file my_file.cif (mmCIF, N, CA and C atoms)
data_model
loop_
_atom_site.label_atom_id
_atom_site.label_comp_id
_atom_site.auth_asym_id
_atom_site.auth_seq_id
_atom_site.Cartn_x
_atom_site.Cartn_y
_atom_site.Cartn_z
N MET W 4 -153.01 124.02 -171.42
CA MET W 4 -154.00 125.04 -171.07
C MET W 4 -153.49 125.79 -169.83
N ASN W 5 -153.71 127.05 -169.83
CA ASN W 5 -153.28 127.90 -168.73
C ASN W 5 -153.98 127.50 -167.42
N ILE W 6 -153.28 127.55 -166.30
CA ILE W 6 -153.84 127.13 -165.01
C ILE W 6 -155.01 128.02 -164.60
N ILE W 7 -154.97 129.30 -164.94
CA ILE W 7 -156.07 130.21 -164.59
C ILE W 7 -157.34 129.80 -165.32
N ILE W 8 -157.21 129.46 -166.58
CA ILE W 8 -158.38 129.03 -167.36
C ILE W 8 -158.92 127.72 -166.80
N GLN W 9 -158.03 126.81 -166.41
CA GLN W 9 -158.47 125.54 -165.81
C GLN W 9 -159.24 125.79 -164.51
N ILE W 10 -158.77 126.71 -163.69
CA ILE W 10 -159.44 127.00 -162.42
C ILE W 10 -160.80 127.63 -162.67
N ILE W 11 -160.90 128.52 -163.64
CA ILE W 11 -162.19 129.15 -163.96
C ILE W 11 -163.18 128.10 -164.46
N ILE W 12 -162.72 127.20 -165.32
CA ILE W 12 -163.59 126.13 -165.82
C ILE W 12 -164.02 125.22 -164.67
N LEU W 13 -163.09 124.91 -163.76
CA LEU W 13 -163.41 124.07 -162.61
C LEU W 13 -164.46 124.73 -161.72
N ILE W 14 -164.30 126.00 -161.44
CA ILE W 14 -165.27 126.72 -160.60
C ILE W 14 -166.64 126.74 -161.27
N ALA W 15 -166.68 127.02 -162.57
CA ALA W 15 -167.95 127.06 -163.28
C ALA W 15 -168.62 125.68 -163.29
N ALA W 16 -167.85 124.65 -163.54
CA ALA W 16 -168.42 123.29 -163.58
C ALA W 16 -168.93 122.87 -162.21
N MET W 17 -168.17 123.16 -161.16
CA MET W 17 -168.61 122.78 -159.81
C MET W 17 -169.79 123.63 -159.35
N ALA W 18 -169.91 124.87 -159.83
CA ALA W 18 -171.08 125.68 -159.52
C ALA W 18 -172.33 125.07 -160.16
N VAL W 19 -172.19 124.58 -161.37
CA VAL W 19 -173.33 123.91 -162.03
C VAL W 19 -173.69 122.63 -161.28
N VAL W 20 -172.69 121.86 -160.86
CA VAL W 20 -172.94 120.65 -160.07
C VAL W 20 -173.65 121.01 -158.77
N GLY W 21 -173.18 122.08 -158.10
CA GLY W 21 -173.81 122.52 -156.86
C GLY W 21 -175.26 122.94 -157.07
N LEU W 22 -175.53 123.65 -158.16
CA LEU W 22 -176.91 124.03 -158.46
C LEU W 22 -177.80 122.81 -158.68
N ALA W 23 -177.26 121.84 -159.41
CA ALA W 23 -178.04 120.62 -159.66
C ALA W 23 -178.32 119.86 -158.36
N ILE W 24 -177.33 119.77 -157.49
CA ILE W 24 -177.52 119.07 -156.21
C ILE W 24 -178.47 119.86 -155.32
N GLY W 25 -178.39 121.19 -155.34
CA GLY W 25 -179.33 122.00 -154.57
C GLY W 25 -180.77 121.80 -155.02
N ALA W 26 -180.96 121.68 -156.33
CA ALA W 26 -182.30 121.40 -156.85
C ALA W 26 -182.74 119.98 -156.49
N LEU W 27 -181.82 119.04 -156.55
CA LEU W 27 -182.13 117.66 -156.19
C LEU W 27 -182.49 117.53 -154.72
N ALA W 28 -181.89 118.37 -153.88
CA ALA W 28 -182.20 118.34 -152.45
C ALA W 28 -183.67 118.65 -152.20
N GLY W 29 -184.24 119.54 -153.00
CA GLY W 29 -185.66 119.85 -152.87
C GLY W 29 -186.55 118.66 -153.19
N VAL W 30 -186.08 117.80 -154.08
CA VAL W 30 -186.85 116.60 -154.43
C VAL W 30 -186.69 115.54 -153.35
N ILE W 31 -185.48 115.41 -152.82
CA ILE W 31 -185.22 114.38 -151.82
C ILE W 31 -185.87 114.71 -150.49
N TRP W 32 -185.64 115.94 -150.01
CA TRP W 32 -186.18 116.39 -148.72
C TRP W 32 -187.20 117.48 -148.99
N LYS W 33 -188.42 117.08 -149.30
CA LYS W 33 -189.44 118.00 -149.80
C LYS W 33 -189.69 119.22 -148.91
N ASP W 34 -190.11 119.02 -147.69
CA ASP W 34 -190.47 120.15 -146.83
C ASP W 34 -189.44 120.41 -145.75
N ASN W 35 -188.28 119.85 -145.87
CA ASN W 35 -187.27 120.00 -144.84
C ASN W 35 -186.11 120.84 -145.39
N ARG W 36 -186.27 122.14 -145.37
CA ARG W 36 -185.22 123.06 -145.82
C ARG W 36 -184.92 124.05 -144.70
N PRO W 37 -184.07 123.66 -143.76
CA PRO W 37 -183.82 124.52 -142.61
C PRO W 37 -183.17 125.86 -142.98
N LEU W 38 -182.41 125.91 -144.05
CA LEU W 38 -181.77 127.15 -144.48
C LEU W 38 -182.53 127.83 -145.61
N GLY W 39 -183.62 127.22 -146.06
CA GLY W 39 -184.36 127.75 -147.19
C GLY W 39 -183.76 127.28 -148.51
N VAL W 40 -184.42 127.66 -149.58
CA VAL W 40 -183.97 127.23 -150.91
C VAL W 40 -182.61 127.85 -151.23
N SER W 41 -182.46 129.13 -150.98
CA SER W 41 -181.18 129.78 -151.29
C SER W 41 -180.05 129.21 -150.43
N GLY W 42 -180.35 128.88 -149.19
CA GLY W 42 -179.34 128.26 -148.32
C GLY W 42 -178.88 126.92 -148.84
N ASP W 43 -179.82 126.12 -149.35
CA ASP W 43 -179.45 124.83 -149.95
C ASP W 43 -178.53 125.04 -151.15
N TYR W 44 -178.88 126.00 -152.00
CA TYR W 44 -178.05 126.25 -153.18
C TYR W 44 -176.66 126.74 -152.78
N ILE W 45 -176.60 127.66 -151.83
CA ILE W 45 -175.30 128.20 -151.41
C ILE W 45 -174.43 127.11 -150.79
N ALA W 46 -175.01 126.32 -149.88
CA ALA W 46 -174.25 125.25 -149.23
C ALA W 46 -173.76 124.21 -150.24
N SER W 47 -174.61 123.83 -151.18
CA SER W 47 -174.21 122.81 -152.15
C SER W 47 -173.18 123.35 -153.13
N ILE W 48 -173.30 124.60 -153.55
CA ILE W 48 -172.32 125.18 -154.47
C ILE W 48 -170.96 125.30 -153.79
N LEU W 49 -170.94 125.83 -152.57
CA LEU W 49 -169.67 125.99 -151.86
C LEU W 49 -168.99 124.66 -151.58
N SER W 50 -169.77 123.66 -151.16
CA SER W 50 -169.15 122.37 -150.86
C SER W 50 -168.66 121.69 -152.14
N ALA W 51 -169.39 121.83 -153.25
CA ALA W 51 -168.94 121.23 -154.51
C ALA W 51 -167.66 121.91 -155.01
N ILE W 52 -167.60 123.24 -154.92
CA ILE W 52 -166.39 123.95 -155.36
C ILE W 52 -165.20 123.57 -154.49
N LEU W 53 -165.40 123.53 -153.19
CA LEU W 53 -164.31 123.18 -152.28
C LEU W 53 -163.78 121.77 -152.56
N MET W 54 -164.68 120.81 -152.71
CA MET W 54 -164.23 119.43 -152.99
C MET W 54 -163.62 119.32 -154.38
N GLY W 55 -164.11 120.10 -155.33
CA GLY W 55 -163.50 120.11 -156.66
C GLY W 55 -162.06 120.58 -156.62
N PHE W 56 -161.81 121.64 -155.82
CA PHE W 56 -160.43 122.11 -155.66
C PHE W 56 -159.57 121.08 -154.95
N VAL W 57 -160.10 120.44 -153.93
CA VAL W 57 -159.33 119.41 -153.23
C VAL W 57 -158.95 118.29 -154.21
N ASP W 58 -159.91 117.84 -154.99
CA ASP W 58 -159.61 116.78 -155.97
C ASP W 58 -158.63 117.26 -157.03
N TRP W 59 -158.80 118.49 -157.50
CA TRP W 59 -157.98 119.00 -158.59
C TRP W 59 -156.50 119.10 -158.19
N PHE W 60 -156.25 119.55 -156.95
CA PHE W 60 -154.87 119.78 -156.54
C PHE W 60 -154.28 118.65 -155.70
N LEU W 61 -155.08 118.00 -154.88
CA LEU W 61 -154.55 117.01 -153.94
C LEU W 61 -154.29 115.65 -154.58
N ILE W 62 -155.17 115.21 -155.45
CA ILE W 62 -155.00 113.89 -156.07
C ILE W 62 -153.69 113.80 -156.86
N PRO W 63 -153.36 114.77 -157.72
CA PRO W 63 -152.05 114.68 -158.40
C PRO W 63 -150.88 114.82 -157.44
N ALA W 64 -151.03 115.62 -156.38
CA ALA W 64 -149.94 115.77 -155.41
C ALA W 64 -149.65 114.47 -154.68
N MET W 65 -150.67 113.62 -154.57
CA MET W 65 -150.48 112.32 -153.91
C MET W 65 -149.89 111.29 -154.86
N GLY W 66 -149.73 111.65 -156.14
CA GLY W 66 -149.08 110.77 -157.09
C GLY W 66 -150.03 109.92 -157.91
N PHE W 67 -151.31 110.19 -157.86
CA PHE W 67 -152.26 109.42 -158.64
C PHE W 67 -152.31 109.94 -160.07
N SER W 68 -152.85 109.14 -160.97
CA SER W 68 -152.89 109.48 -162.38
C SER W 68 -153.98 110.51 -162.68
N GLN W 69 -153.96 111.02 -163.90
CA GLN W 69 -154.98 111.97 -164.35
C GLN W 69 -156.35 111.31 -164.41
N THR W 70 -156.40 110.03 -164.70
CA THR W 70 -157.68 109.32 -164.74
C THR W 70 -158.33 109.32 -163.37
N ILE W 71 -157.56 109.04 -162.34
CA ILE W 71 -158.10 109.06 -160.98
C ILE W 71 -158.53 110.47 -160.60
N ARG W 72 -157.78 111.46 -161.06
CA ARG W 72 -158.15 112.86 -160.80
C ARG W 72 -159.53 113.16 -161.36
N TRP W 73 -159.77 112.76 -162.60
CA TRP W 73 -161.06 113.05 -163.23
C TRP W 73 -162.19 112.24 -162.60
N VAL W 74 -161.91 111.01 -162.23
CA VAL W 74 -162.93 110.21 -161.53
C VAL W 74 -163.30 110.88 -160.21
N GLY W 75 -162.31 111.36 -159.49
CA GLY W 75 -162.56 112.06 -158.24
C GLY W 75 -163.37 113.33 -158.45
N ILE W 76 -163.05 114.08 -159.49
CA ILE W 76 -163.75 115.33 -159.76
C ILE W 76 -165.19 115.08 -160.16
N VAL W 77 -165.45 113.98 -160.84
CA VAL W 77 -166.82 113.67 -161.27
C VAL W 77 -167.66 113.12 -160.12
N LEU W 78 -167.08 112.30 -159.25
CA LEU W 78 -167.88 111.61 -158.23
C LEU W 78 -167.93 112.32 -156.87
N GLU W 79 -166.84 112.88 -156.43
CA GLU W 79 -166.79 113.39 -155.05
C GLU W 79 -167.55 114.69 -154.80
N PRO W 80 -167.48 115.70 -155.66
CA PRO W 80 -168.21 116.94 -155.35
C PRO W 80 -169.73 116.76 -155.22
N PRO W 81 -170.41 116.00 -156.10
CA PRO W 81 -171.84 115.82 -155.87
C PRO W 81 -172.14 115.06 -154.58
N ALA W 82 -171.34 114.04 -154.30
CA ALA W 82 -171.55 113.28 -153.07
C ALA W 82 -171.31 114.15 -151.85
N THR W 83 -170.27 114.98 -151.90
CA THR W 83 -169.97 115.86 -150.78
C THR W 83 -171.08 116.87 -150.56
N ALA W 84 -171.62 117.44 -151.64
CA ALA W 84 -172.71 118.41 -151.51
C ALA W 84 -173.94 117.77 -150.89
N LEU W 85 -174.26 116.55 -151.31
CA LEU W 85 -175.41 115.86 -150.70
C LEU W 85 -175.17 115.56 -149.23
N ILE W 86 -173.97 115.15 -148.89
CA ILE W 86 -173.66 114.85 -147.48
C ILE W 86 -173.73 116.12 -146.64
N VAL W 87 -173.23 117.23 -147.15
CA VAL W 87 -173.30 118.49 -146.42
C VAL W 87 -174.75 118.90 -146.19
N LEU W 88 -175.59 118.79 -147.21
CA LEU W 88 -177.00 119.14 -147.05
C LEU W 88 -177.69 118.21 -146.06
N TRP W 89 -177.35 116.95 -146.08
CA TRP W 89 -177.92 116.00 -145.12
C TRP W 89 -177.48 116.35 -143.71
N LEU W 90 -176.20 116.67 -143.53
CA LEU W 90 -175.69 117.04 -142.21
C LEU W 90 -176.36 118.30 -141.67
N ILE W 91 -176.62 119.25 -142.55
CA ILE W 91 -177.33 120.47 -142.13
C ILE W 91 -178.71 120.11 -141.61
N ARG W 92 -179.39 119.22 -142.30
CA ARG W 92 -180.74 118.83 -141.87
C ARG W 92 -180.71 118.08 -140.54
N LYS W 93 -179.72 117.20 -140.39
CA LYS W 93 -179.61 116.45 -139.13
C LYS W 93 -179.23 117.37 -137.98
N ALA W 94 -178.42 118.36 -138.22
CA ALA W 94 -178.02 119.29 -137.15
C ALA W 94 -179.19 120.17 -136.74
N ARG W 95 -180.11 120.45 -137.64
CA ARG W 95 -181.25 121.30 -137.33
C ARG W 95 -182.40 120.55 -136.66
N GLU W 96 -182.32 119.24 -136.59
CA GLU W 96 -183.41 118.46 -135.97
C GLU W 96 -183.38 118.57 -134.46
#
call {"tool": "encode", "arguments": {"input": "my_file.cif", "output": "structure tokens"}}
result
Amino acid sequence: MNIIIQIIILIAAMAVVGLAIGALAGVIWKDNRPLGVSGDYIASILSAILMGFVDWFLIPAMGFSQTIRWVGIVLEPPATALIVLWLIRKARE
């Protein structure tokens, strides 16, 4: 598969993950949205895309297998988005 197509699919998938985590943040922290709803979505989408790129390019460069790459892509971006949203809330307190 062409690398450009892979990057587009990765961005789209991580944007969906970011949207889901942004929505989940509203359930976890009900009335605590220091950046507002749109700020939560933007922060979670950007952090998920950034971590997805890190996993996509860095894990193979370190010599790990494709299986580890996919495990990293599935687990790390949602966790990173949640941690970023939590850090934003703690910084605003």
call {"tool": "select_by_dssp", "arguments": {"input": "my_file.cif", "residues": "chain W", "states": "alpha helix (DSSP H)", "output": "ChimeraX atom specification"}}
result
/W:6-31,39-64,69-95
call {"tool": "resolve_selection", "arguments": {"input": "my_file.cif", "expression": "the PyMOL selection byres (((chain W and resi 11-26 and name CA) around 12) and name CA)", "output": "ChimeraX atom specification"}}
result
/W:4-10,27-33,36,38-60,73,76-89
call {"tool": "axis_aligned_box", "arguments": {"input": "my_file.cif", "around": "segment 63-74 of chain W", "padding_each_side": "5 Å", "output": "AutoDock Vina command-line options"}}
result
--center_x -156.2 --center_y 112.4 --center_z -159.3 --size_x 24.2 --size_y 16.7 --size_z 20.8
call {"tool": "atom_distance", "arguments": {"input": "my_file.cif", "atom1": "atom CA of Phe67 of chain W", "atom2": "atom N of Leu90 of chain W"}}
result
29.2 Å
call {"tool": "atom_distance", "arguments": {"input": "my_file.cif", "atom1": "atom CA of Ile91 of chain W", "atom2": "atom CA of Pro37 of chain W"}}
result
7.7 Å
call {"tool": "atom_distance", "arguments": {"input": "my_file.cif", "atom1": "atom N of Glu96 of chain W", "atom2": "atom C of Asp34 of chain W"}}
result
11.7 Å
